[in-house]
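The next block is coords37.pdb, given as PDB, C-alpha atoms and all ligand atoms.
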ATOM      1  CA  MET A 769      86.982  24.660-112.037
ATOM      2  CA  ALA A 770      83.562  26.069-111.314
ATOM      3  CA  THR A 771      81.203  23.956-109.255
ATOM      4  CA  VAL A 772      77.992  23.439-111.164
ATOM      5  CA  VAL A 773      76.016  21.366-108.685
ATOM      6  CA  SER A 774      76.684  20.662-105.075
ATOM      7  CA  VAL A 775      74.362  18.449-103.052
ATOM      8  CA  GLN A 776      74.831  17.951 -99.376
ATOM      9  CA  ASN A 777      73.253  15.411 -97.101
ATOM     10  CA  LEU A 778      70.190  15.136 -99.263
ATOM     11  CA  ARG A 779      67.283  13.117 -97.844
ATOM     12  CA  LYS A 780      63.907  12.312 -99.246
ATOM     13  CA  ARG A 781      61.112   9.895 -98.547
ATOM     14  CA  TYR A 782      57.823   9.868-100.338
ATOM     15  CA  ARG A 783      55.645   8.906 -97.394
ATOM     16  CA  ARG A 784      56.253   9.058 -93.667
ATOM     17  CA  ARG A 785      56.232   5.287 -93.319
ATOM     18  CA  ASP A 786      58.422   4.636 -96.357
ATOM     19  CA  PRO A 787      62.119   3.976 -95.990
ATOM     20  CA  TRP A 788      64.326   6.848 -97.140
ATOM     21  CA  ALA A 789      64.451   6.930-100.948
ATOM     22  CA  VAL A 790      67.492   9.189-100.673
ATOM     23  CA  ASP A 791      69.387   8.976 -97.424
ATOM     24  CA  GLY A 792      72.210  11.458 -96.970
ATOM     25  CA  VAL A 793      73.647  11.873-100.469
ATOM     26  CA  THR A 794      76.546  14.292-100.933
ATOM     27  CA  PHE A 795      78.522  15.046-104.087
ATOM     28  CA  GLU A 796      79.782  17.842-106.317
ATOM     29  CA  LEU A 797      79.940  18.236-110.048
ATOM     30  CA  GLU A 798      82.231  20.636-111.877
ATOM     31  CA  ALA A 799      82.101  22.231-115.302
ATOM     32  CA  GLY A 800      83.415  19.945-118.037
ATOM     33  CA  GLN A 801      82.989  16.876-115.882
ATOM     34  CA  ALA A 802      80.801  13.833-116.399
ATOM     35  CA  PHE A 803      79.476  12.288-113.216
ATOM     36  CA  GLY A 804      77.891   8.833-113.245
ATOM     37  CA  LEU A 805      75.246   8.100-110.635
ATOM     38  CA  LEU A 806      74.863   4.332-110.517
ATOM     39  CA  GLY A 807      72.828   1.914-108.496
ATOM     40  CA  PRO A 808      70.264  -0.872-108.765
ATOM     41  CA  ASN A 809      66.595  -0.184-109.518
ATOM     42  CA  GLY A 810      65.045   1.808-106.724
ATOM     43  CA  ALA A 811      68.414   3.037-105.395
ATOM     44  CA  GLY A 812      67.261   6.662-105.486
ATOM     45  CA  LYS A 813      68.972   7.947-108.661
ATOM     46  CA  THR A 814      65.903   9.483-110.272
ATOM     47  CA  SER A 815      64.835  11.026-106.973
ATOM     48  CA  VAL A 816      68.247  12.723-106.703
ATOM     49  CA  VAL A 817      68.105  14.191-110.210
ATOM     50  CA  LYS A 818      64.507  15.341-109.754
ATOM     51  CA  MET A 819      65.543  17.241-106.645
ATOM     52  CA  ILE A 820      68.465  18.854-108.507
ATOM     53  CA  ALA A 821      66.095  19.840-111.305
ATOM     54  CA  GLY A 822      63.683  21.394-108.806
ATOM     55  CA  LEU A 823      60.939  18.870-109.589
ATOM     56  CA  LEU A 824      60.930  17.292-106.156
ATOM     57  CA  ARG A 825      61.494  18.939-102.821
ATOM     58  CA  PRO A 826      64.073  17.373-100.483
ATOM     59  CA  ASP A 827      63.059  16.652 -96.882
ATOM     60  CA  SER A 828      66.449  17.852 -95.729
ATOM     61  CA  GLY A 829      69.882  18.720 -97.032
ATOM     62  CA  THR A 830      70.981  21.408 -99.439
ATOM     63  CA  ILE A 831      71.319  21.716-103.194
ATOM     64  CA  SER A 832      73.241  24.435-104.921
ATOM     65  CA  LEU A 833      72.694  24.705-108.675
ATOM     66  CA  PHE A 834      75.018  27.286-110.250
ATOM     67  CA  GLY A 835      75.267  28.800-106.793
ATOM     68  CA  SER A 836      71.491  29.165-106.382
ATOM     69  CA  ASP A 837      68.514  27.225-105.173
ATOM     70  CA  PRO A 838      67.124  24.792-107.817
ATOM     71  CA  GLY A 839      63.900  26.812-107.731
ATOM     72  CA  ASN A 840      65.720  29.835-109.139
ATOM     73  CA  PRO A 841      64.544  30.352-112.758
ATOM     74  CA  ALA A 842      67.953  31.661-113.881
ATOM     75  CA  ALA A 843      69.653  28.512-112.571
ATOM     76  CA  ARG A 844      67.028  26.241-114.101
ATOM     77  CA  ALA A 845      67.426  27.932-117.468
ATOM     78  CA  GLU A 846      71.005  26.583-117.566
ATOM     79  CA  LEU A 847      69.859  23.022-117.017
ATOM     80  CA  GLY A 848      68.710  20.467-119.559
ATOM     81  CA  LEU A 849      67.001  17.327-118.308
ATOM     82  CA  ALA A 850      66.331  14.218-120.354
ATOM     83  CA  PRO A 851      63.932  12.291-118.105
ATOM     84  CA  GLU A 852      64.073   8.499-117.884
ATOM     85  CA  ASP A 853      60.626   7.999-119.341
ATOM     86  CA  PRO A 854      59.933  11.059-121.485
ATOM     87  CA  ASP A 855      56.437  11.745-122.678
ATOM     88  CA  PHE A 856      55.038  14.525-124.815
ATOM     89  CA  PRO A 857      51.606  15.699-125.960
ATOM     90  CA  LYS A 858      50.647  12.769-128.135
ATOM     91  CA  PHE A 859      49.180  14.612-131.109
ATOM     92  CA  LEU A 860      52.293  16.705-131.704
ATOM     93  CA  ARG A 861      55.044  15.849-134.172
ATOM     94  CA  ALA A 862      58.740  15.986-133.273
ATOM     95  CA  PRO A 863      59.393  19.504-134.695
ATOM     96  CA  GLU A 864      56.271  20.803-132.934
ATOM     97  CA  VAL A 865      57.455  19.359-129.633
ATOM     98  CA  LEU A 866      60.809  21.094-130.047
ATOM     99  CA  ASP A 867      59.121  24.309-131.100
ATOM    100  CA  TYR A 868      57.079  24.177-127.908
ATOM    101  CA  PHE A 869      60.225  23.735-125.817
ATOM    102  CA  ALA A 870      61.950  26.490-127.815
ATOM    103  CA  SER A 871      59.152  28.857-126.853
ATOM    104  CA  LEU A 872      59.527  27.900-123.186
ATOM    105  CA  LEU A 873      63.231  28.666-123.558
ATOM    106  CA  GLY A 874      62.457  32.010-125.157
ATOM    107  CA  LEU A 875      64.414  31.275-128.345
ATOM    108  CA  ASP A 876      63.792  33.751-131.163
ATOM    109  CA  ASP A 877      62.740  32.725-134.678
ATOM    110  CA  GLU A 878      66.236  32.728-136.068
ATOM    111  CA  GLU A 879      67.555  30.465-133.307
ATOM    112  CA  ARG A 880      64.566  28.130-133.695
ATOM    113  CA  LYS A 881      65.135  27.815-137.433
ATOM    114  CA  ARG A 882      68.720  26.867-136.824
ATOM    115  CA  ARG A 883      68.515  24.730-133.714
ATOM    116  CA  ILE A 884      65.359  22.697-134.287
ATOM    117  CA  PRO A 885      66.381  21.007-137.577
ATOM    118  CA  GLU A 886      69.930  20.449-136.330
ATOM    119  CA  THR A 887      68.701  18.950-133.084
ATOM    120  CA  LEU A 888      66.231  16.715-134.918
ATOM    121  CA  ALA A 889      68.996  15.551-137.235
ATOM    122  CA  PHE A 890      71.216  14.769-134.265
ATOM    123  CA  ALA A 891      68.395  12.769-132.706
ATOM    124  CA  GLY A 892      67.793  10.923-135.983
ATOM    125  CA  LEU A 893      64.224  12.232-136.166
ATOM    126  CA  GLU A 894      64.581  14.672-139.067
ATOM    127  CA  SER A 895      62.466  12.643-141.463
ATOM    128  CA  GLU A 896      59.920  11.459-138.907
ATOM    129  CA  ARG A 897      56.504  12.829-139.824
ATOM    130  CA  ARG A 898      54.264  10.909-137.443
ATOM    131  CA  GLN A 899      52.724  12.082-134.193
ATOM    132  CA  VAL A 900      54.337  11.286-130.851
ATOM    133  CA  ARG A 901      51.580   8.768-130.061
ATOM    134  CA  GLN A 902      53.037   6.590-132.810
ATOM    135  CA  PHE A 903      56.596   6.812-131.526
ATOM    136  CA  SER A 904      58.416   3.834-130.072
ATOM    137  CA  LYS A 905      59.995   4.149-126.622
ATOM    138  CA  GLY A 906      63.407   4.688-128.177
ATOM    139  CA  MET A 907      62.077   7.454-130.421
ATOM    140  CA  LYS A 908      60.574   9.226-127.419
ATOM    141  CA  GLN A 909      63.868   8.857-125.620
ATOM    142  CA  ARG A 910      65.637  10.452-128.597
ATOM    143  CA  LEU A 911      63.168  13.318-128.523
ATOM    144  CA  GLY A 912      63.739  13.655-124.781
ATOM    145  CA  ILE A 913      67.459  14.086-125.344
ATOM    146  CA  ALA A 914      66.817  16.512-128.220
ATOM    147  CA  GLN A 915      64.608  18.627-125.976
ATOM    148  CA  ALA A 916      67.248  18.591-123.224
ATOM    149  CA  ILE A 917      70.050  19.981-125.414
ATOM    150  CA  LEU A 918      67.954  22.532-127.296
ATOM    151  CA  GLY A 919      68.654  25.314-124.807
ATOM    152  CA  ARG A 920      72.457  24.719-124.840
ATOM    153  CA  PRO A 921      72.486  23.875-121.136
ATOM    154  CA  LYS A 922      75.551  24.228-118.937
ATOM    155  CA  LEU A 923      74.388  21.171-117.026
ATOM    156  CA  LEU A 924      72.892  18.240-118.871
ATOM    157  CA  ILE A 925      71.165  15.595-116.781
ATOM    158  CA  LEU A 926      70.567  12.318-118.554
ATOM    159  CA  ASP A 927      68.410   9.835-116.619
ATOM    160  CA  GLU A 928      68.953   6.412-118.191
ATOM    161  CA  PRO A 929      69.347   8.039-121.603
ATOM    162  CA  THR A 930      70.289   4.960-123.541
ATOM    163  CA  ALA A 931      68.043   2.359-121.926
ATOM    164  CA  ASP A 932      65.788   2.149-124.984
ATOM    165  CA  LEU A 933      68.223   3.255-127.655
ATOM    166  CA  ASP A 934      69.639   1.180-130.470
ATOM    167  CA  PRO A 935      73.437   0.878-130.823
ATOM    168  CA  ILE A 936      73.632   3.880-133.171
ATOM    169  CA  GLY A 937      71.646   5.995-130.713
ATOM    170  CA  ARG A 938      73.955   4.902-127.896
ATOM    171  CA  ARG A 939      77.033   5.779-129.874
ATOM    172  CA  ASP A 940      75.565   9.209-130.658
ATOM    173  CA  VAL A 941      74.798   9.886-127.005
ATOM    174  CA  ARG A 942      78.327   8.878-126.070
ATOM    175  CA  ALA A 943      79.746  11.238-128.694
ATOM    176  CA  LEU A 944      77.409  13.990-127.495
ATOM    177  CA  ILE A 945      78.655  13.595-123.937
ATOM    178  CA  GLU A 946      82.302  13.755-125.065
ATOM    179  CA  ARG A 947      81.650  16.866-127.169
ATOM    180  CA  LEU A 948      79.729  18.655-124.423
ATOM    181  CA  LYS A 949      82.421  17.887-121.871
ATOM    182  CA  GLU A 950      85.047  19.438-124.140
ATOM    183  CA  SER A 951      82.978  22.595-124.347
ATOM    184  CA  GLY A 952      82.768  22.822-120.563
ATOM    185  CA  VAL A 953      79.268  21.445-120.027
ATOM    186  CA  ALA A 954      78.754  19.334-116.905
ATOM    187  CA  ILE A 955      76.987  16.000-117.345
ATOM    188  CA  LEU A 956      75.101  14.044-114.734
ATOM    189  CA  LEU A 957      74.363  10.574-116.019
ATOM    190  CA  ASN A 958      72.191   7.894-114.433
ATOM    191  CA  SER A 959      72.752   4.601-116.115
ATOM    192  CA  HIS A 960      72.821   0.854-115.716
ATOM    193  CA  LEU A 961      75.000   0.398-118.744
ATOM    194  CA  LEU A 962      78.214   0.261-116.836
ATOM    195  CA  SER A 963      80.572  -0.235-119.735
ATOM    196  CA  GLU A 964      79.157   2.949-121.198
ATOM    197  CA  VAL A 965      79.515   4.852-117.932
ATOM    198  CA  GLU A 966      83.085   3.627-117.661
ATOM    199  CA  ARG A 967      83.883   5.089-121.068
ATOM    200  CA  VAL A 968      82.492   8.568-120.530
ATOM    201  CA  CYS A 969      82.404   9.401-116.824
ATOM    202  CA  ASP A 970      85.232  11.003-114.887
ATOM    203  CA  ASN A 971      83.622  10.443-111.488
ATOM    204  CA  VAL A 972      81.096   7.936-110.214
ATOM    205  CA  ALA A 973      78.983   7.370-107.142
ATOM    206  CA  ILE A 974      77.410   3.990-106.486
ATOM    207  CA  LEU A 975      74.114   4.295-104.678
ATOM    208  CA  ALA A 976      72.062   1.617-102.936
ATOM    209  CA  ARG A 977      68.913   2.134-100.872
ATOM    210  CA  GLY A 978      69.457   5.868-100.936
ATOM    211  CA  SER A 979      73.044   5.914 -99.685
ATOM    212  CA  VAL A 980      76.337   6.295-101.485
ATOM    213  CA  LEU A 981      78.373   3.105-101.028
ATOM    214  CA  LYS A 982      81.363   4.280-102.998
ATOM    215  CA  GLU A 983      82.382   7.471-104.731
ATOM    216  CA  GLY A 984      85.421   8.808-106.494
ATOM    217  CA  THR A 985      87.221   9.187-109.778
ATOM    218  CA  MET A 986      86.913   6.234-112.117
ATOM    219  CA  SER A 987      90.430   5.089-111.275
ATOM    220  CA  GLU A 988      89.756   5.330-107.529
ATOM    221  CA  VAL A 989      86.584   3.277-107.790
ATOM    222  CA  VAL A 990      87.788   0.706-110.328
ATOM    223  CA  PRO A 991      91.086  -0.947-109.397
ATOM    224  CA  GLU A 992      93.618  -1.915-112.073
ATOM    225  CA  GLY A 993      92.612  -5.134-113.786
ATOM    226  CA  SER A 994      88.951  -4.855-112.755
ATOM    227  CA  ASN A 995      86.013  -3.112-114.384
ATOM    228  CA  LEU A 996      83.095  -1.042-113.217
ATOM    229  CA  GLU A 997      80.589  -3.857-113.603
ATOM    230  CA  GLU A 998      82.655  -6.152-111.375
ATOM    231  CA  VAL A 999      83.032  -3.454-108.726
ATOM    232  CA  PHE A1000      79.325  -2.647-108.887
ATOM    233  CA  VAL A1001      78.097  -6.238-108.581
ATOM    234  CA  GLN A1002      80.448  -7.028-105.697
ATOM    235  CA  LEU A1003      79.531  -3.883-103.827
ATOM    236  CA  ILE A1004      75.785  -4.284-104.262
ATOM    237  CA  GLU A1005      75.774  -7.993-103.414
ATOM    238  CA  ALA A1006      77.845  -7.367-100.292
ATOM    239  CA  ASN A1007      75.209  -4.858 -99.196
ATOM    240  CA  GLN A1008      72.099  -6.945 -99.619
ATOM    241  CA  PRO A1009      70.983 -10.191 -98.053
ATOM    242  CA  GLN A1010      72.169 -13.218-100.031
ATOM    243  CA  ARG A1011      69.382 -14.842-101.948
ATOM    244  CA  ASP A1012      68.831 -17.767-104.231
ATOM    245  CA  HIS A1013      68.040 -16.072-107.506
ATOM    246  CA  MET A1014      66.362 -18.826-109.433
ATOM    247  CA  PRO A1015      62.730 -19.811-109.055
ATOM    248  CA  SER A1016      62.766 -23.385-107.740
ATOM    249  CA  PHE A1017      60.636 -24.751-110.607
ATOM    250  CA  ILE A1018      63.179 -23.726-113.229
ATOM    251  CA  SER A1019      65.603 -26.537-112.608
ATOM    252  CA  GLU A1020      63.043 -29.258-111.856
ATOM    253  CA  ARG A1021      63.182 -32.199-114.276
ATOM    254  CA  GLN A1022      60.228 -32.670-116.580
TER     255      GLN A1022
HETATM  256  N1  LIG B   1      56.421   8.895-106.774
HETATM  257  C1  LIG B   1      56.840   8.009-105.867
HETATM  258  N2  LIG B   1      56.042   7.673-104.828
HETATM  259  C2  LIG B   1      56.458   6.795-103.874
HETATM  260  N3  LIG B   1      57.662   6.215-103.883
HETATM  261  C3  LIG B   1      58.493   6.515-104.894
HETATM  262  C4  LIG B   1      58.135   7.421-105.937
HETATM  263  N4  LIG B   1      59.169   7.546-106.799
HETATM  264  C5  LIG B   1      60.138   6.725-106.324
HETATM  265  N5  LIG B   1      59.740   6.115-105.186
HETATM  266  C6  LIG B   1      60.551   5.188-104.365
HETATM  267  O1  LIG B   1      61.782   5.796-104.073
HETATM  268  C7  LIG B   1      62.839   4.862-104.167
HETATM  269  C8  LIG B   1      63.871   5.385-105.146
HETATM  270  O2  LIG B   1      63.290   5.440-106.447
HETATM  271  P1  LIG B   1      64.035   6.098-107.688
HETATM  272  O3  LIG B   1      64.618   7.371-107.251
HETATM  273  O4  LIG B   1      63.096   6.106-108.829
HETATM  274  O5  LIG B   1      65.218   5.031-107.938
HETATM  275  P2  LIG B   1      66.102   4.712-109.234
HETATM  276  O6  LIG B   1      65.980   5.848-110.168
HETATM  277  O7  LIG B   1      67.475   4.526-108.681
HETATM  278  O8  LIG B   1      65.577   3.423-109.799
HETATM  279  C9  LIG B   1      62.200   3.525-104.560
HETATM  280  O9  LIG B   1      62.032   2.780-103.384
HETATM  281  C10 LIG B   1      60.878   3.931-105.136
HETATM  282  O10 LIG B   1      59.924   2.938-104.909
HETATM  283 MG    MG B   2      65.445   5.897-112.143
END
How does this structure look as structure tokens?
Amino acid sequence: MATVVSVQNLRKRYRRRDPWAVDGVTFELEAGQAFGLLGPNGAGKTSVVKMIAGLLRPDSGTISLFGSDPGNPAARAELGLAPEDPDFPKFLRAPEVLDYFASLLGLDDEERKRRIPETLAFAGLESERRQVRQFSKGMKQRLGIAQAILGRPKLLILDEPTADLDPIGRRDVRALIERLKESGVAILLNSHLLSEVERVCDNVAILARGSVLKEGTMSEVVPEGSNLEEVFVQLIEANQPQRDHMPSFISERQ
């Protein structure tokens, strides 16, 4: 299998005095594989995908994207990224947003006419006539995913793609991931929805405070009779100071 992304010993901090946001992350992703990058809020997942997408420069370590540097335009053209909090020019409508991305991708008129309506239909936005400023979070997330698949990427990065989606949207994203995998596309998925990750991902890495605590195939990481959520909670709790979760006033008698 061809290696699509390889990251080695990646480190990043945003300011000199900050702790490392990403602290020595190493993994590989192959064609046709779905890789789940998991971890609590602030673990470093978004920072990792931004570095792979060439949007953030690592402090050290190496990234190979289709055998090139992430800054290489040819490599970036093969990548689709659905960001965790997508935003678009607010006075555009969904087809106009996709048309804009189609022009960035260099799609000709014929391809635009075919792909834009089909992508909108997939995203459930085909009859949406309003401007982006009137979209709900979930609708923007749908448009973010639509934009990411428009160029038929060989690597699709989904950063918390289903966080704001309704159950139908989640099912569609799951089906999309399955279909893309079959056609040899590599998927990198950041998600908190562990039952979902467990259904679609072949490999997972669990990240906390910038470091990988556990990595492997789903069956290596999740023992027989357990599930990903159980493994995740145990691992994360074992790696952070124990705390009393409840505010003290909650259980006080009236
Ligand atoms: N633009 C930024 N400036 C400063 N710190 C940041 C910035 N983005 C993220 N961080 C910090 O980097 C760490 C990792 O964040 P992030 O990669 O967004 O984690 P995750 O996606 O796993 O929630 C956090 O401690 C966060 O506060
Ligand atoms: Mg994030």
Inset, instruction - May I have the residues within 8 Å of region 920-930 of chain A as a list of chain:residue names, using only C-alpha atoms and disregarding those fewer than 6 positions away in the same chain? - result: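 The contact residues come out as A:Val772, A:Ala799, A:Thr814, A:Val817, A:Ala845, A:Glu846, A:Leu847, A:Gly848, A:Leu849, A:Ala850, A:Pro851, A:Glu852, A:Gln909, A:Ile913, A:Gly937, A:Arg938, A:Val941, A:Gly952, A:Val953, A:Ala954, A:Ile955, A:Leu956, A:Leu957, A:Asn958, A:Ser959, A:His960.
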Inset, instruction - Place a sphere of radius 10 Å on (65.3, 5.4, -101.8) in the file coordinates and name every protein, DNA or RNA residue with an atom inside or on its surface, counting only C-alpha atoms; give the answer as a count of residues only. - result: 23
Inset, instruction - With the file shown as input, list the residues that the PyMOL selection byres (((chain A and resi 858-867) around 9) and not hetatm) selects, as a PyMOL selection string. - result: chain A and resi 855-857+868-872+880+884-885+887-888+893-894+896-902+911+914-915+918
Determine the axis-aligned bounding box of all atoms of ligand LIG 1 (chain B) present in the file, pad each side by 6 Å, and express its centre and edge lengths in Å to one decimal place as AutoDock Vina command-line options.
--center_x 61.8 --center_y 5.8 --center_z -106.8 --size_x 23.4 --size_y 18.1 --size_z 18.8
Inset, instruction - Could you tell me which of A:Gly792, A:Gly906, A:Pro808, A:Gly839 comes closest to ligand LIG 1 (chain B) if we count only C-alpha atoms and all ligand atoms? - result: A:Pro808
Inset, instruction - Kindly give the distance, in Å, that separates CA of Val775 (chain A) and CA of Ile820 (chain A), rounded to a single decimal. - result: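 That distance, rounded to one decimal, is 8.0 Å.
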Inset, instruction - Please evaluate the PyMOL selection byres (((chain A and resi 999) around 12) and not hetatm) against the structure above and give the resulting residues as a ChimeraX atom specification. - result: /A:806-807,962-963,966,972-974,981-983,986-998,1000-1006
Selected residues, C-alpha atoms, written as a CSV table (one decimal), in the coordinates of the input, please.
chain,number,residue,atom,x,y,z
A,806,LEU,CA,74.9,4.3,-110.5
A,807,GLY,CA,72.8,1.9,-108.5
A,962,LEU,CA,78.2,0.3,-116.8
A,963,SER,CA,80.6,-0.2,-119.7
A,966,GLU,CA,83.1,3.6,-117.7
A,972,VAL,CA,81.1,7.9,-110.2
A,973,ALA,CA,79.0,7.4,-107.1
A,974,ILE,CA,77.4,4.0,-106.5
A,981,LEU,CA,78.4,3.1,-101.0
A,982,LYS,CA,81.4,4.3,-103.0
A,983,GLU,CA,82.4,7.5,-104.7
A,986,MET,CA,86.9,6.2,-112.1
A,987,SER,CA,90.4,5.1,-111.3
A,988,GLU,CA,89.8,5.3,-107.5
A,989,VAL,CA,86.6,3.3,-107.8
A,990,VAL,CA,87.8,0.7,-110.3
A,991,PRO,CA,91.1,-0.9,-109.4
A,992,GLU,CA,93.6,-1.9,-112.1
A,993,GLY,CA,92.6,-5.1,-113.8
A,994,SER,CA,89.0,-4.9,-112.8
A,995,ASN,CA,86.0,-3.1,-114.4
A,996,LEU,CA,83.1,-1.0,-113.2
A,997,GLU,CA,80.6,-3.9,-113.6
A,998,GLU,CA,82.7,-6.2,-111.4
A,1000,PHE,CA,79.3,-2.6,-108.9
A,1001,VAL,CA,78.1,-6.2,-108.6
A,1002,GLN,CA,80.4,-7.0,-105.7
A,1003,LEU,CA,79.5,-3.9,-103.8
A,1004,ILE,CA,75.8,-4.3,-104.3
A,1005,GLU,CA,75.8,-8.0,-103.4
A,1006,ALA,CA,77.8,-7.4,-100.3
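Closest approach to Asp837 (chain A) among A:Ser774, A:Gln1010, A:Thr985, A:Thr794: A:Ser774, based on all atoms listed in the file.
Across the structure, CA of Arg947 (chain A) and CA of Leu933 (chain A) are spaced 19.1 Å apart.
Considering only C-alpha atoms, the residue among A:Leu875, A:Lys818, A:Leu944, A:Arg825 positioned nearest to Phe890 (chain A) is A:Leu944.
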Legend entry - Of the listed residues A:Gly829, A:Arg967, A:Val980, A:Arg882, that which approaches ligand LIG 1 (chain B) most closely, counting all atoms listed in the file: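 Using all atoms listed in the file, the shortest distance to ligand LIG 1 (chain B) belongs to A:Val980.
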Legend entry - Residue nearest ligand LIG 1 (chain B) - candidates A:Ala916, A:Leu797, A:Leu824, A:Leu833, atoms counted: all atoms listed in the file: A:Leu824
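Shortest separation to ligand LIG 1 (chain B) among A:Val773, A:Asp853, A:Phe834, A:Ala891 occurs at residue A:Asp853, atoms counted being only C-alpha atoms and all ligand atoms.
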Legend entry - Between CA of Pro854 (chain A) and CA of Ala889 (chain A) - distance in Å to one decimal: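 Computed distance, CA of Ala889 (chain A) to CA of Pro854 (chain A), equals 18.7 Å.
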